[in-house]
Amino acid sequence: MLMQEIMTLIQDPAAWVALITLVVMEVVLGIDNLIFISILTNKLPPEHREKARKIGIGLALVMRLVLLGTIAWIVQLTEPLFEAFGHGFSWKDLILIAGGLFLVWKATKEIHHSVDPEDHGEDFIASSATTGFASAIGQILLLDLVFSVDSIITAVGMTPHLPIMVVAVVAAVTVMLVAATPLANFIERNPTIVMLALAFLLMIGTTLIAEGMGFHVPKGYVYAAMAFSALVEVLNMFARNARKRKRGGAH
């Protein structure tokens with residue numbers, strides 16, 4: 001029965017359009033997760049960073065596939081549990097709010113440590129490599145859960161076909177796996193990018209809280225703002241490099 005459905009989908013142009021659209025959407029939604037993973041793993045000792053990224057993203061794939069297997073239950077997460085402030089809160093809303101608060105807290109703490117690097121009194125990643133590694137994986141999985149629930153509920157709204165969702169999720173996570181280390185290395189080499197990425201996380205966390213509270217924030221606006229800020233920073237990097245070359249040539 002499953003093979004017959006797959007063969008039917010392969011021959012259906014509409015299914016291919018849905019697949020491509022869903023893959024693009026999953027990859028775009030994965031950017032948030034990838035920025036968080038890059039910043040978090042860069043806090044680990046160099047020999048543990050790539051391993052932490054691979055384990056974190058690999059477990060994210062497993063988590064999303066498991067959630068896809070419980071789609072009937074996932075869809076029920078949108079059913080209101082209680083009403084407050086004129087809005088019916090569902091499990092999905094509560095998960096988004098909790099994830100948003102965690103992101104805001106995490107980004108704020110990271111910004112504080114970036115601005116005042118001498119203050120290590122409240123460092124949330126332990127100095128030992130083992131504890132830091134476990135802490136990083138735990139935090140990656142926590143955010144993976146939030147983004148996974150949001151992305152799968154969005155996927156269910158776009159297509160009723162489970163095989164399409166599975167292929168889209170696997171493709172998106174594969175892109176994350178390939179892009180994780182280059183992105184993390186780029187962020188580490190450019191300190192100003194770190195602050196920009198933390199600002200992105202702060203904005204994403206605020207957006208998640210707003211979504212959970214019932215205020216719809218168009219994702220297009222959020223990603224357009226992120227793209228514009230990134231473009232400005234890239235231009236600043238070109239300008240800084242040009243000034244360095246000019247000074248070097250003067251000597």
# chains A, B, ... in the order shown; residues from 1 in each chain; ligands from 1

call {"tool": "residues_around", "arguments": {"residues": "range 88-97 of chain A", "least_positions_apart": "4", "cutoff": "12 Å", "atoms": "only C-alpha atoms", "output": "PyMOL selection string"}}
result
chain A and resi 73-84+101-104+142-154+204-216

call {"tool": "residues_around", "arguments": {"residues": "Val173 in chain A", "least_positions_apart": "5", "cutoff": "10 Å", "atoms": "only C-alpha atoms", "output": "MDAnalysis selection string"}}
result
chainID A and resid 23 26:27 30 34 57:58 60:61 64 168 178:179

call {"tool": "closest_residue", "arguments": {"among": "A:Leu29, A:Ala136, A:Leu201, A:Ala180", "to": "His48 in chain A", "atoms": "only C-alpha atoms"}}
result
A:Ala136

call {"tool": "atom_distance", "arguments": {"atom1": "CA of Arg245 in chain A", "atom2": "CA of Phe186 in chain A"}}
result
20.1 Å

call {"tool": "atom_distance", "arguments": {"atom1": "CA of Ala224 in chain A", "atom2": "CA of Asn236 in chain A"}}
result
18.4 Å

call {"tool": "atom_distance", "arguments": {"atom1": "CA of Phe133 in chain A", "atom2": "CA of Val194 in chain A"}}
result
20.2 Å

call {"tool": "residues_around", "arguments": {"residues": "Met195 in chain A", "least_positions_apart": "6", "cutoff": "10 Å", "atoms": "only C-alpha atoms", "output": "list in words"}}
result
Ala107, Glu110, Ile111, Ser114, Val115, Ile187 and Leu201 of chain A

call {"tool": "write_last_selection", "arguments": {"atoms": "C-alpha atoms", "output": "mmCIF file, in the first residue's frame"}}
result
data_model
loop_
_atom_site.group_PDB
_atom_site.id
_atom_site.type_symbol
_atom_site.label_atom_id
_atom_site.label_comp_id
_atom_site.auth_asym_id
_atom_site.auth_seq_id
_atom_site.Cartn_x
_atom_site.Cartn_y
_atom_site.Cartn_z
ATOM 1 C CA ALA A 107 20.836 35.023 23.631
ATOM 2 C CA GLU A 110 25.536 35.171 25.509
ATOM 3 C CA ILE A 111 25.391 38.891 24.679
ATOM 4 C CA SER A 114 30.364 38.855 24.850
ATOM 5 C CA VAL A 115 30.142 42.405 26.188
ATOM 6 C CA ILE A 187 30.922 32.872 12.835
ATOM 7 C CA LEU A 201 18.264 34.536 18.102
#

call {"tool": "select_by_dssp", "arguments": {"residues": "range 22-206 of chain A", "states": "alpha helix (DSSP H)", "output": "mmCIF file with C-alpha atoms, in the first residue's frame"}}
result
data_model
loop_
_atom_site.group_PDB
_atom_site.id
_atom_site.type_symbol
_atom_site.label_atom_id
_atom_site.label_comp_id
_atom_site.auth_asym_id
_atom_site.auth_seq_id
_atom_site.Cartn_x
_atom_site.Cartn_y
_atom_site.Cartn_z
ATOM 1 C CA LEU A 22 8.324 21.918 1.617
ATOM 2 C CA VAL A 23 12.079 21.280 1.313
ATOM 3 C CA VAL A 24 12.733 25.011 0.806
ATOM 4 C CA MET A 25 10.498 25.855 3.764
ATOM 5 C CA GLU A 26 12.199 23.276 6.010
ATOM 6 C CA VAL A 27 15.658 24.536 5.035
ATOM 7 C CA VAL A 28 14.676 28.164 5.738
ATOM 8 C CA LEU A 29 13.142 27.213 9.093
ATOM 9 C CA GLY A 30 16.325 25.268 9.861
ATOM 10 C CA ILE A 31 18.426 28.441 9.637
ATOM 11 C CA ASP A 32 17.254 29.468 13.123
ATOM 12 C CA ASN A 33 18.301 26.127 14.537
ATOM 13 C CA LEU A 34 21.630 26.180 12.707
ATOM 14 C CA ILE A 35 22.602 29.614 14.071
ATOM 15 C CA PHE A 36 21.854 28.419 17.604
ATOM 16 C CA ILE A 37 23.861 25.201 17.124
ATOM 17 C CA SER A 38 26.814 27.122 15.663
ATOM 18 C CA ILE A 39 27.013 29.596 18.542
ATOM 19 C CA LEU A 40 26.526 26.917 21.193
ATOM 20 C CA THR A 41 29.091 24.430 19.860
ATOM 21 C CA PRO A 46 37.747 22.690 19.355
ATOM 22 C CA GLU A 47 38.105 18.889 19.372
ATOM 23 C CA HIS A 48 34.470 18.435 20.514
ATOM 24 C CA ARG A 49 32.713 20.953 18.261
ATOM 25 C CA GLU A 50 32.148 18.984 15.052
ATOM 26 C CA LYS A 51 31.140 15.863 16.998
ATOM 27 C CA ALA A 52 28.588 17.871 19.002
ATOM 28 C CA ARG A 53 27.120 19.351 15.806
ATOM 29 C CA LYS A 54 26.802 15.953 14.126
ATOM 30 C CA ILE A 55 25.246 14.314 17.195
ATOM 31 C CA GLY A 56 22.876 17.228 17.795
ATOM 32 C CA ILE A 57 21.692 17.406 14.181
ATOM 33 C CA GLY A 58 21.526 13.599 13.888
ATOM 34 C CA LEU A 59 19.337 13.366 16.981
ATOM 35 C CA ALA A 60 17.220 16.199 15.537
ATOM 36 C CA LEU A 61 16.587 14.048 12.444
ATOM 37 C CA VAL A 62 15.574 11.081 14.613
ATOM 38 C CA MET A 63 13.283 13.317 16.680
ATOM 39 C CA ARG A 64 11.548 14.738 13.600
ATOM 40 C CA LEU A 65 11.034 11.304 12.052
ATOM 41 C CA VAL A 66 9.576 10.023 15.336
ATOM 42 C CA LEU A 67 7.251 13.037 15.487
ATOM 43 C CA LEU A 68 6.202 12.392 11.884
ATOM 44 C CA ILE A 71 1.272 12.936 13.236
ATOM 45 C CA ALA A 72 -2.234 12.235 14.562
ATOM 46 C CA TRP A 73 -1.018 13.196 18.049
ATOM 47 C CA ILE A 74 1.020 16.166 16.781
ATOM 48 C CA VAL A 75 -2.034 17.658 15.046
ATOM 49 C CA GLN A 76 -3.960 17.470 18.331
ATOM 50 C CA TRP A 91 0.204 22.623 23.710
ATOM 51 C CA LYS A 92 1.820 24.020 20.570
ATOM 52 C CA ASP A 93 1.462 27.572 21.932
ATOM 53 C CA LEU A 94 2.970 26.578 25.284
ATOM 54 C CA ILE A 95 5.888 24.818 23.550
ATOM 55 C CA LEU A 96 6.542 27.902 21.377
ATOM 56 C CA ILE A 97 6.404 30.233 24.396
ATOM 57 C CA ALA A 98 8.772 28.018 26.419
ATOM 58 C CA GLY A 99 11.175 27.740 23.483
ATOM 59 C CA GLY A 100 11.002 31.486 22.853
ATOM 60 C CA LEU A 101 11.736 32.300 26.484
ATOM 61 C CA PHE A 102 14.687 29.900 26.440
ATOM 62 C CA LEU A 103 16.081 31.508 23.276
ATOM 63 C CA VAL A 104 15.662 35.041 24.677
ATOM 64 C CA TRP A 105 17.376 33.991 27.932
ATOM 65 C CA LYS A 106 20.166 32.194 26.089
ATOM 66 C CA ALA A 107 20.836 35.023 23.631
ATOM 67 C CA THR A 108 20.749 37.635 26.422
ATOM 68 C CA LYS A 109 23.248 35.655 28.515
ATOM 69 C CA GLU A 110 25.536 35.171 25.509
ATOM 70 C CA ILE A 111 25.391 38.891 24.679
ATOM 71 C CA HIS A 112 26.240 39.678 28.310
ATOM 72 C CA HIS A 113 29.268 37.372 28.192
ATOM 73 C CA SER A 114 30.364 38.855 24.850
ATOM 74 C CA VAL A 115 30.142 42.405 26.188
ATOM 75 C CA ALA A 129 34.713 19.324 28.363
ATOM 76 C CA THR A 130 32.497 16.390 29.363
ATOM 77 C CA THR A 131 29.868 18.451 31.160
ATOM 78 C CA GLY A 132 30.021 21.137 28.465
ATOM 79 C CA PHE A 133 29.491 18.554 25.732
ATOM 80 C CA ALA A 134 26.467 17.008 27.463
ATOM 81 C CA SER A 135 25.055 20.458 28.209
ATOM 82 C CA ALA A 136 25.422 21.528 24.554
ATOM 83 C CA ILE A 137 23.702 18.383 23.246
ATOM 84 C CA GLY A 138 20.858 18.814 25.775
ATOM 85 C CA GLN A 139 20.275 22.438 24.792
ATOM 86 C CA ILE A 140 20.414 21.601 21.063
ATOM 87 C CA LEU A 141 17.780 18.888 21.563
ATOM 88 C CA LEU A 142 15.580 21.241 23.587
ATOM 89 C CA LEU A 143 15.486 23.788 20.758
ATOM 90 C CA ASP A 144 15.210 21.007 18.168
ATOM 91 C CA LEU A 145 11.991 19.895 19.842
ATOM 92 C CA VAL A 146 10.482 23.388 19.624
ATOM 93 C CA PHE A 147 11.471 23.909 15.976
ATOM 94 C CA SER A 148 10.481 20.335 15.051
ATOM 95 C CA VAL A 149 6.934 20.654 16.404
ATOM 96 C CA ASP A 150 6.479 24.003 14.644
ATOM 97 C CA SER A 151 7.905 22.760 11.343
ATOM 98 C CA ILE A 152 5.918 19.499 11.293
ATOM 99 C CA ILE A 153 2.621 21.230 12.059
ATOM 100 C CA THR A 154 3.408 23.636 9.197
ATOM 101 C CA ALA A 155 4.234 20.671 6.935
ATOM 102 C CA VAL A 156 0.932 18.976 7.774
ATOM 103 C CA GLY A 157 -0.855 22.133 6.646
ATOM 104 C CA MET A 158 0.972 22.049 3.298
ATOM 105 C CA LEU A 162 3.627 11.425 4.812
ATOM 106 C CA PRO A 163 6.319 10.293 2.286
ATOM 107 C CA ILE A 164 6.672 13.890 1.052
ATOM 108 C CA MET A 165 7.103 15.129 4.632
ATOM 109 C CA VAL A 166 9.736 12.467 5.384
ATOM 110 C CA VAL A 167 11.780 13.277 2.250
ATOM 111 C CA ALA A 168 11.558 17.032 2.981
ATOM 112 C CA VAL A 169 12.699 16.580 6.596
ATOM 113 C CA VAL A 170 15.618 14.312 5.610
ATOM 114 C CA ALA A 171 16.690 16.758 2.867
ATOM 115 C CA ALA A 172 16.524 19.764 5.221
ATOM 116 C CA VAL A 173 18.479 18.029 7.991
ATOM 117 C CA THR A 174 21.089 16.882 5.432
ATOM 118 C CA VAL A 175 21.569 20.517 4.354
ATOM 119 C CA MET A 176 21.945 21.489 8.036
ATOM 120 C CA LEU A 177 24.541 18.751 8.529
ATOM 121 C CA VAL A 178 26.586 19.938 5.526
ATOM 122 C CA ALA A 179 26.310 23.655 6.390
ATOM 123 C CA ALA A 180 26.823 23.400 10.179
ATOM 124 C CA THR A 181 30.633 23.365 10.333
ATOM 125 C CA PRO A 182 31.290 26.015 7.610
ATOM 126 C CA LEU A 183 28.736 28.341 9.243
ATOM 127 C CA ALA A 184 30.195 27.774 12.726
ATOM 128 C CA ASN A 185 33.742 28.425 11.448
ATOM 129 C CA PHE A 186 32.612 31.592 9.670
ATOM 130 C CA ILE A 187 30.922 32.872 12.835
ATOM 131 C CA GLU A 188 34.023 32.096 14.912
ATOM 132 C CA ARG A 189 36.352 33.913 12.488
ATOM 133 C CA PRO A 191 33.413 38.293 16.037
ATOM 134 C CA THR A 192 30.952 40.932 14.815
ATOM 135 C CA ILE A 193 28.915 38.165 13.150
ATOM 136 C CA VAL A 194 28.504 36.550 16.594
ATOM 137 C CA MET A 195 26.692 39.611 17.924
ATOM 138 C CA LEU A 196 24.525 39.770 14.798
ATOM 139 C CA ALA A 197 23.668 36.061 15.139
ATOM 140 C CA LEU A 198 22.768 36.570 18.815
ATOM 141 C CA ALA A 199 20.501 39.445 17.802
ATOM 142 C CA PHE A 200 18.846 37.070 15.318
ATOM 143 C CA LEU A 201 18.264 34.536 18.102
ATOM 144 C CA LEU A 202 16.796 37.275 20.282
ATOM 145 C CA MET A 203 14.404 38.256 17.481
ATOM 146 C CA ILE A 204 13.487 34.626 16.754
ATOM 147 C CA GLY A 205 12.802 33.992 20.453
ATOM 148 C CA THR A 206 10.568 37.060 20.635
#
